[in-house]
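> This is the structure, below, for whatever I ask next.
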Amino acid sequence: MANIEIDAPGTSHLLIGNESIARGTLEAGIGFAAAYPGTPSSEILGSLAQVAKKMGIYVEWSINEMVAMEAAAGASFAGIRALVAMKQNGVNVVSDFLANLVMTGIGTGGLVLVSCDDPSAISSSNEQDTRPIAQWLDIPLVEPGDFQEAKDMTKWLFDLAEELGTLCMLRSVTRIAHARGNVSLGELLKKQHKAHFDQVHDLKNVMPTTFMPVPSSLRHYFLHIKIDKAREMFESSQFNRYIGPDKADLLIVTSGSCWLYSQDAVKALKLSDRVGILKLGTLWPMPENFVGKHLSKSEKILFVEEIDPFLERNIMEIVANLPPSSPRPNFYGKRSGHINAYGELNPDMVIKAISIILGLTYEPRDVEYSKKAETFAKGNVPERSMTFCAGCPHRATFWAIKNALKLDGRDGFVTGDIGCYSMALGPAGFFQVRTMHCMGAGAGVANGLGKLAQFGFDQPVLAVVGDSTFYHATIPALINGIYNQSNFILVILDNSATAMTGFQPHPGTGMTAMGKPTKVINMEALCRSLGAYVEVCDPFDLKGTTSTLLNMMSEGGGAKVAIMRRECELVRAKKEKPPYRVYVDAEKCIGEACGCDRLCTRVFLCPGLTWDKEAGKSKVDEVICSGCGVCVSVCPQGAIIREAA
Amino acid sequence: MTKKQLAKDPLNLIITGVGGQGNVMISLIIGNTFVRDGYFVTVGETYGASQRGGPVMSHMRISREKQYSPFIPDGCADIILGMEPVETLRMLGRYGNPNVITIINPRPIYSIDVTGGHAEYPDLDKLIETVKELSSQTWIINATEEAQKMGSHMFANAILIGALVGAGVLPLDKRSVESVLRETFPKEIEANLAAFNKGIKFVRS
């Protein structure tokens with residue numbers, strides 16, 4: 001990650017959107033930041049954690065988004081500027097608290113929530129737009145259109161939150177959060193933070209300070225006044241702007257990364273004198289007058305935005321409220337089908353939409369070349385499915401699970417949730433996982449399945465969760481299972497890191513975000529204290545793990561816990577050399593003649609193992625192999641050899 | 001910070017390979033060098049879940065005028081740096097054009113689809129011929145093989161950066177790239193600089 005604390009105002013740096021946001025908080029003089037990791041948001045807190053000590057701020061990875069949000073609100077109540085960052089799913093988790101927080105208002109320290117949405121769900125279970133959440137909760141919402149704005153908006157948002165006395169939200173998307181661009185730095189604001197919860201807020205009337213959402217209707221009324229004030233301020237915001245001719249054949253209305261796509265598209269079509277772009281940075285409440293003024297620029301309006309038709313619906317509402325004599329433009333967007341109502345956009349999709357509306361043709365490359373290139377690529381580019389890394393403990397765990405379920409023979413199955421181990425829905429984990437929803441959902445679903453014996457249900461159920469997910473969202477489900485005597489095995493895949501999002505520490509690792517050693521919340525001790533039967537396995541011991549799981553399944557009732565403990569291979573590899581040198585003994589490997597149906601390369605599917613077609617034998621790819629040596633016990637011929645490296 | 005002339009504005013560079021090969025590192029080094037030289041640079045990367053063996057690509061847009069989007073439009077790549085053969089062809093199929101310049105590391109990484117028998121990896125010689133046919137200019141750099149000779153396949157990235165700089169297709173000064181390399185790899189800098197210079201030599205010999 002880049003150094004976001006450089007004290008060099010005016011210099012330009014190549015930052016990802018997340019680093020730019022983190023820099024913005026330092027220029028705003030925050031004192032407190034909390035988050036739970038989630039792609040594509042994780043680098044915001046990650047980069048702040050690296051400089052926290054130097055900058056005199058406090059930064060934590062919280063156990064989940066809810067606690068992060070509440071903790072940040074606590075800081076705000078005591079007068080400290082606070083940031084909380086999460087991916088779109090996190091906003092669902094905190095929505096209950098938010099619905100109350102908007103009623104109570106924030107403290108004297110500005111409070112800002114950053115949500116990084118993931119259109120196309122590139123690194124997510126689901127695709128979801130958080131802009132409508134801001135609207136239904138009455139939270140002022142902004143969206144940066146490039147990397148510079150990510151910083152500048154963040155900085156400004158703390159002032160806004162304090163002026164309005166309410167939480168403000170910044171929505172980013174993957175192509176801002178994880179893309180890199182130029183950011184010109186501003187001054188760092190180094191503050192002497194003094195935190196104090198003022199018990200009395202009105203010295204004349206001696207009223208105690210309270211943050212409570214009641215009386216609700218009255219609070220709601222005051223909230224609307226804040227929103228009206230925000231709307232007024234947004235009318236003249238520098239983050240809203242128009243580029244293009246005074247009268248345009250087409251007006252694009254857009255925000256966020258789609259602002260960049262729209263500019264690319266207009267340039268590619270050489271239409272800058274015919275097509276205008278209205279870029280909104282302040283999205284909710286919508287600056288109605290500013291928008292209304294620009295809508296008259298064209299009779300045709302195209303909405304370019306990702307996921308939900310947020311701008312489209314709200315601007316249609318503005319048009320519906322214009323005086324009856326106002327012209328009614330033609331609208332193009334998700335409703336008309338010119339822009340997809342799902343998935344992320346790109347410049348080509350915008351080019352296509354503009355071309356259809358204006359009746360243009362666009363050929364970016366020679367037609368003959370195009371045909372040739374597409375044909376060649378189509379016939380010669382094999383699929384590249386995602387899989388567990390070479391040496392990943394999860395592959396070994398799911399191998400053991402698969403064999404244990406088979407040996408048990410009662411049609412048992414696995415429920416799961418989010419993490420690297422979600423890949424066990426596919427070939428990487430031998431298609432073992434059957435359900436996947438939000439964090440911790442596998443354990444919750446297993447709670448229900450485990451109570452169906454009276455209806456004839458007799459299948460063993462294993463619920464898999466990652467170690468970080470265990471702390472985040474699984475403990476209540478486990479307690480429920482023990483309390484209500486549900487019959488399932490919670491399998492905790494403990495690789496000692498929040499691996500999928502970048503190896504952040506969690507309560508089981510004994511390390512804080514700021515690198516300080518801390519108490520380890522020992523998961524087996526915790527589970528045992530709840531009364532659960534607990535086994536700890538090393539998944540690399542395929543035989544032992546399989547037999548432990550088999551025994552646990554056959555021993556009948558109650559919620560039990562099996563912990564699969566083995567460090568994430570990517571973490572291990574950073575610290576030490578591979579334990580083994582692994583190779584295939586070409587004499588012993590008899591290939592297709594073996595009768596194992598190429599167990600190693602067709603079923604086990606570690607990317608470190610390849611198939612030498614000419615020789616008709618398996619082979620280790622020394623560039624990929626991590627030297628874990630697990631495949632040695634998969635080969636029935638003993639043809640895979642490991643030697644201490 | 002004298003800005004040299006760009007052959008085209010924006011200049012569109014794609015770096016492609018397989019998750020874990022080091023795409024992001026290469027795009028960071030090239031991107032940082034350009035920003036220091038006063039250019040606008042946008043880099044769009046596919047990562048996150050694609051750390052786990054999936055195809056990865058970095059789209060880099062270099063401009064003297066403005067910030068471009070992190071996506072190169074279809075058919076509009078100027079240079080493709082391919083760290084893996086079929087991934088190079090995948091990019092040419094979508095982003096190539098008669099003027100595209102390609103640098104390719106011909107070392108295959110087989111996907112689990114290929115290993116598992118659900119997909120076919122094309123004949124390597126034919127694949128390279130196709131890449132040549134679809135490019136105006138092609139450099140074949142045995143980066144993995146040469147890096148292994150130096151003691152670790154990890155040096156392949158510095159060799160490829162060297163090839164990219166040595167090929168003269170980017171207005172980059174060797175010394176400014178070296179200084180970014182020094183900051184990025186402080187630990188193994190000598191080996192990485194040697195690899196970088198090797199890459200330059202390969203394209204110039």
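Convention: chains lettered A, B, ... in structure tokens order; per-chain residue numbering from 1; ligands numbered from 1 as shown.
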Write out as number ranges by chain each polymer residue whose atoms come within 7 Å of region 490-501 of chain A, counting only C-alpha atoms; drop sequence neighbours fewer than 6 positions from it.
A: 37-39, 42, 419-420, 443, 462-468, 509, 560-568
> Could you pull the residues within 12 Å of Val445 (chain A), counting only C-alpha atoms, minus those fewer than 3 positions along the same chain, as a ChimeraX atom specification?
/A:414-417,434-442,448-452,461-464,474,477-478,480-481,486-490
> Looking only at the backbone, which of the residues in region 208-455 of chain A does DSSP tag as alpha helix (DSSP H), as a PyMOL selection string?
chain A and resi 216-234+257-268+288-295+310-320+347-358+367-380+393-408+441-449
> Quick one: everything within 12 Å of Ile30 (chain B), counting only C-alpha atoms, minus sequence neighbours fewer than 4 positions away in the same chain. Send it as a PyMOL selection string.
(chain A and resi 14) or (chain B and resi 13-15+23-26+34-37+39+41-43+58-62+81+157-158+160-162+164-165+170-174+176-181+184)
> Could those residues be written to a file, using C-alpha atoms, as a PDB file, in the first residue's frame?

```pdb
ATOM      1  CA  LEU A  14      -0.835   7.212  -7.910  1.00  0.00           C
TER       2      LEU A  14
ATOM      3  CA  LEU B  13      -1.267  -0.735 -21.992  1.00  0.00           C
ATOM      4  CA  ILE B  14      -2.597  -4.110 -20.847  1.00  0.00           C
ATOM      5  CA  ILE B  15      -0.657  -6.329 -18.450  1.00  0.00           C
ATOM      6  CA  ASN B  23       0.329  -8.097 -12.416  1.00  0.00           C
ATOM      7  CA  VAL B  24      -0.376  -5.512  -9.771  1.00  0.00           C
ATOM      8  CA  MET B  25       3.312  -5.102  -8.948  1.00  0.00           C
ATOM      9  CA  ILE B  26       4.232  -4.436 -12.579  1.00  0.00           C
ATOM     10  CA  PHE B  34       4.703   7.809 -15.260  1.00  0.00           C
ATOM     11  CA  VAL B  35       3.038   9.799 -12.474  1.00  0.00           C
ATOM     12  CA  ARG B  36       6.445  11.025 -11.325  1.00  0.00           C
ATOM     13  CA  ASP B  37       7.106  12.123 -14.889  1.00  0.00           C
ATOM     14  CA  TYR B  39       1.458  12.131 -16.612  1.00  0.00           C
ATOM     15  CA  VAL B  41      -2.312   7.491 -15.190  1.00  0.00           C
ATOM     16  CA  THR B  42      -5.349   5.323 -14.543  1.00  0.00           C
ATOM     17  CA  VAL B  43      -4.943   1.656 -13.729  1.00  0.00           C
ATOM     18  CA  SER B  58      -4.400  -4.537 -15.517  1.00  0.00           C
ATOM     19  CA  HIS B  59      -5.553  -1.818 -17.878  1.00  0.00           C
ATOM     20  CA  MET B  60      -3.264   1.187 -17.856  1.00  0.00           C
ATOM     21  CA  ARG B  61      -4.202   4.460 -19.538  1.00  0.00           C
ATOM     22  CA  ILE B  62      -1.449   7.045 -19.827  1.00  0.00           C
ATOM     23  CA  LEU B  81       2.424  -7.380 -21.867  1.00  0.00           C
ATOM     24  CA  ASN B 157       8.451  -9.701 -13.366  1.00  0.00           C
ATOM     25  CA  ALA B 158      11.552  -7.528 -13.327  1.00  0.00           C
ATOM     26  CA  LEU B 160       9.366  -8.319 -18.212  1.00  0.00           C
ATOM     27  CA  ILE B 161       9.476  -4.730 -16.931  1.00  0.00           C
ATOM     28  CA  GLY B 162      12.954  -4.515 -18.471  1.00  0.00           C
ATOM     29  CA  LEU B 164       8.786  -3.290 -21.733  1.00  0.00           C
ATOM     30  CA  VAL B 165      11.181  -0.426 -21.062  1.00  0.00           C
ATOM     31  CA  LEU B 170       6.822   3.608 -23.675  1.00  0.00           C
ATOM     32  CA  PRO B 171       8.361   7.051 -23.230  1.00  0.00           C
ATOM     33  CA  LEU B 172      10.102   5.913 -20.058  1.00  0.00           C
ATOM     34  CA  ASP B 173      13.601   6.582 -18.959  1.00  0.00           C
ATOM     35  CA  LYS B 174      15.514   3.516 -17.735  1.00  0.00           C
ATOM     36  CA  SER B 176      13.474   6.623 -13.522  1.00  0.00           C
ATOM     37  CA  VAL B 177      12.118   3.049 -13.622  1.00  0.00           C
ATOM     38  CA  GLU B 178      15.194   1.885 -11.713  1.00  0.00           C
ATOM     39  CA  SER B 179      14.606   4.389  -8.958  1.00  0.00           C
ATOM     40  CA  VAL B 180      11.004   3.194  -8.529  1.00  0.00           C
ATOM     41  CA  LEU B 181      12.279  -0.405  -8.509  1.00  0.00           C
ATOM     42  CA  THR B 184       9.629  -1.151  -4.341  1.00  0.00           C
TER      43      THR B 184
END
```
> Identify all chain B residues at most 8 Å from chain A by counting only C-alpha atoms; ligands do not count. Present them as an mmCIF file with C-alpha atoms, in the first residue's frame.

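The resulting iface.cif:
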```
data_model
loop_
_atom_site.group_PDB
_atom_site.id
_atom_site.type_symbol
_atom_site.label_atom_id
_atom_site.label_comp_id
_atom_site.auth_asym_id
_atom_site.auth_seq_id
_atom_site.Cartn_x
_atom_site.Cartn_y
_atom_site.Cartn_z
ATOM 1 C CA GLY B 31 2.309 3.610 -13.220
ATOM 2 C CA ASN B 32 4.338 5.265 -10.469
ATOM 3 C CA VAL B 35 3.038 9.799 -12.474
ATOM 4 C CA ARG B 36 6.445 11.025 -11.325
ATOM 5 C CA PHE B 40 -2.115 11.221 -15.772
ATOM 6 C CA VAL B 41 -2.312 7.491 -15.190
ATOM 7 C CA THR B 42 -5.349 5.323 -14.543
ATOM 8 C CA VAL B 43 -4.943 1.656 -13.729
ATOM 9 C CA GLY B 44 -7.851 -0.736 -13.594
ATOM 10 C CA GLU B 45 -7.064 -4.109 -12.107
ATOM 11 C CA GLY B 48 -9.738 -9.727 -5.122
ATOM 12 C CA ALA B 49 -11.149 -13.133 -5.820
ATOM 13 C CA SER B 50 -8.889 -13.468 -8.861
ATOM 14 C CA ARG B 52 -7.010 -17.576 -6.685
ATOM 15 C CA GLY B 53 -5.752 -18.768 -10.059
ATOM 16 C CA GLY B 54 -8.142 -16.813 -12.281
ATOM 17 C CA PRO B 55 -7.198 -14.686 -15.295
ATOM 18 C CA GLN B 67 -7.795 11.094 -16.183
ATOM 19 C CA TYR B 68 -9.242 8.272 -18.284
ATOM 20 C CA SER B 69 -11.482 5.459 -17.047
ATOM 21 C CA PRO B 70 -9.922 2.249 -15.753
ATOM 22 C CA PHE B 71 -11.251 0.279 -18.765
ATOM 23 C CA ILE B 72 -9.615 0.224 -22.176
ATOM 24 C CA PRO B 73 -12.423 0.076 -24.745
ATOM 25 C CA ASP B 74 -12.569 -3.103 -26.875
ATOM 26 C CA GLY B 75 -10.109 -3.133 -29.759
ATOM 27 C CA CYS B 76 -8.107 -0.232 -28.367
ATOM 28 C CA VAL B 86 -3.280 -18.031 -23.504
ATOM 29 C CA GLU B 87 -4.028 -14.988 -21.371
ATOM 30 C CA LEU B 89 -4.340 -14.358 -26.696
ATOM 31 C CA ARG B 90 -7.464 -13.769 -24.594
ATOM 32 C CA LEU B 92 -5.674 -9.848 -28.181
ATOM 33 C CA GLY B 93 -9.050 -11.355 -29.052
ATOM 34 C CA ARG B 94 -10.892 -8.574 -27.288
ATOM 35 C CA GLY B 96 -6.106 -6.211 -30.077
ATOM 36 C CA ASN B 97 -5.936 -4.286 -33.345
ATOM 37 C CA PRO B 98 -3.568 -4.225 -36.331
ATOM 38 C CA TYR B 110 -2.352 -24.671 -16.808
ATOM 39 C CA SER B 111 -5.795 -23.996 -15.373
ATOM 40 C CA ILE B 112 -7.635 -26.652 -13.373
ATOM 41 C CA ASP B 113 -10.022 -26.894 -16.343
ATOM 42 C CA VAL B 114 -7.112 -27.971 -18.545
ATOM 43 C CA THR B 115 -5.533 -30.241 -15.933
ATOM 44 C CA GLY B 116 -8.904 -31.783 -15.139
ATOM 45 C CA GLY B 117 -9.534 -32.559 -18.809
ATOM 46 C CA ALA B 119 -10.555 -27.801 -21.598
ATOM 47 C CA GLU B 120 -7.684 -28.039 -24.040
ATOM 48 C CA TYR B 121 -4.524 -25.944 -23.844
ATOM 49 C CA PRO B 122 -3.583 -25.035 -27.427
ATOM 50 C CA LEU B 127 -0.352 -20.090 -30.182
ATOM 51 C CA THR B 130 -1.215 -16.591 -33.771
ATOM 52 C CA LEU B 134 -2.391 -10.518 -34.509
ATOM 53 C CA HIS B 153 10.805 -17.565 -10.947
#
```
> For CA of Gly337 (chain A) and CA of Ser120 (chain A), quote the distance in Å rounded to one decimal.
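Atom-to-atom, CA of Gly337 (chain A) to CA of Ser120 (chain A), that is 17.4 Å.
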> Choose the residue, out of B:Gly17, B:Gly22, B:Gly166, B:Pro10, that has the smallest atom-to-atom separation from Ile104 (chain B); count only C-alpha atoms.
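Looking at the shortest contact to Ile104 (chain B), the residue is B:Gly17.
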> Do you have the CA of Pro144 (chain A)-CA of Met66 (chain A) distance handy?
24.5 Å
> Taking the chain letters and numbering used in this document, name the residues of region 13-115 of chain B that DSSP puts in strand (DSSP E), as an MDAnalysis selection string.
chainID B and resid 13:18 40:45 55:63 79:82 101:104
> Just C-alpha atoms for this one: save the residues we selected as a PDB file, in the first residue's frame.

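The resulting file, result_12.pdb, is reproduced below:
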```pdb
ATOM      1  CA  LEU B  13      -1.267  -0.735 -21.992  1.00  0.00           C
ATOM      2  CA  ILE B  14      -2.597  -4.110 -20.847  1.00  0.00           C
ATOM      3  CA  ILE B  15      -0.657  -6.329 -18.450  1.00  0.00           C
ATOM      4  CA  THR B  16      -2.148  -9.792 -18.278  1.00  0.00           C
ATOM      5  CA  GLY B  17      -1.482 -13.120 -16.594  1.00  0.00           C
ATOM      6  CA  VAL B  18      -2.769 -15.435 -13.889  1.00  0.00           C
ATOM      7  CA  PHE B  40      -2.115  11.221 -15.772  1.00  0.00           C
ATOM      8  CA  VAL B  41      -2.312   7.491 -15.190  1.00  0.00           C
ATOM      9  CA  THR B  42      -5.349   5.323 -14.543  1.00  0.00           C
ATOM     10  CA  VAL B  43      -4.943   1.656 -13.729  1.00  0.00           C
ATOM     11  CA  GLY B  44      -7.851  -0.736 -13.594  1.00  0.00           C
ATOM     12  CA  GLU B  45      -7.064  -4.109 -12.107  1.00  0.00           C
ATOM     13  CA  PRO B  55      -7.198 -14.686 -15.295  1.00  0.00           C
ATOM     14  CA  VAL B  56      -6.036 -11.218 -14.301  1.00  0.00           C
ATOM     15  CA  MET B  57      -5.504  -8.052 -16.256  1.00  0.00           C
ATOM     16  CA  SER B  58      -4.400  -4.537 -15.517  1.00  0.00           C
ATOM     17  CA  HIS B  59      -5.553  -1.818 -17.878  1.00  0.00           C
ATOM     18  CA  MET B  60      -3.264   1.187 -17.856  1.00  0.00           C
ATOM     19  CA  ARG B  61      -4.202   4.460 -19.538  1.00  0.00           C
ATOM     20  CA  ILE B  62      -1.449   7.045 -19.827  1.00  0.00           C
ATOM     21  CA  SER B  63      -2.286  10.584 -20.846  1.00  0.00           C
ATOM     22  CA  ILE B  79       0.655  -2.559 -25.999  1.00  0.00           C
ATOM     23  CA  ILE B  80      -0.001  -5.939 -24.384  1.00  0.00           C
ATOM     24  CA  LEU B  81       2.424  -7.380 -21.867  1.00  0.00           C
ATOM     25  CA  GLY B  82       1.482 -11.059 -21.546  1.00  0.00           C
ATOM     26  CA  ILE B 101       2.587  -4.375 -29.912  1.00  0.00           C
ATOM     27  CA  THR B 102       2.912  -7.561 -27.848  1.00  0.00           C
ATOM     28  CA  ILE B 103       5.506  -8.762 -25.379  1.00  0.00           C
ATOM     29  CA  ILE B 104       4.908 -12.355 -24.332  1.00  0.00           C
TER      30      ILE B 104
END
```
> Suppose you want the space between CA of Asp585 (chain A) and CA of Ile640 (chain A); what is it in Å?
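CA of Ile640 (chain A) lies 6.1 Å from CA of Asp585 (chain A).
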> Within 9 Å of region 539-555 of chain A, counting only C-alpha atoms, which residues show up once you throw out same-chain ones fewer than 4 positions away? Write them as a count of residues only, please.
31
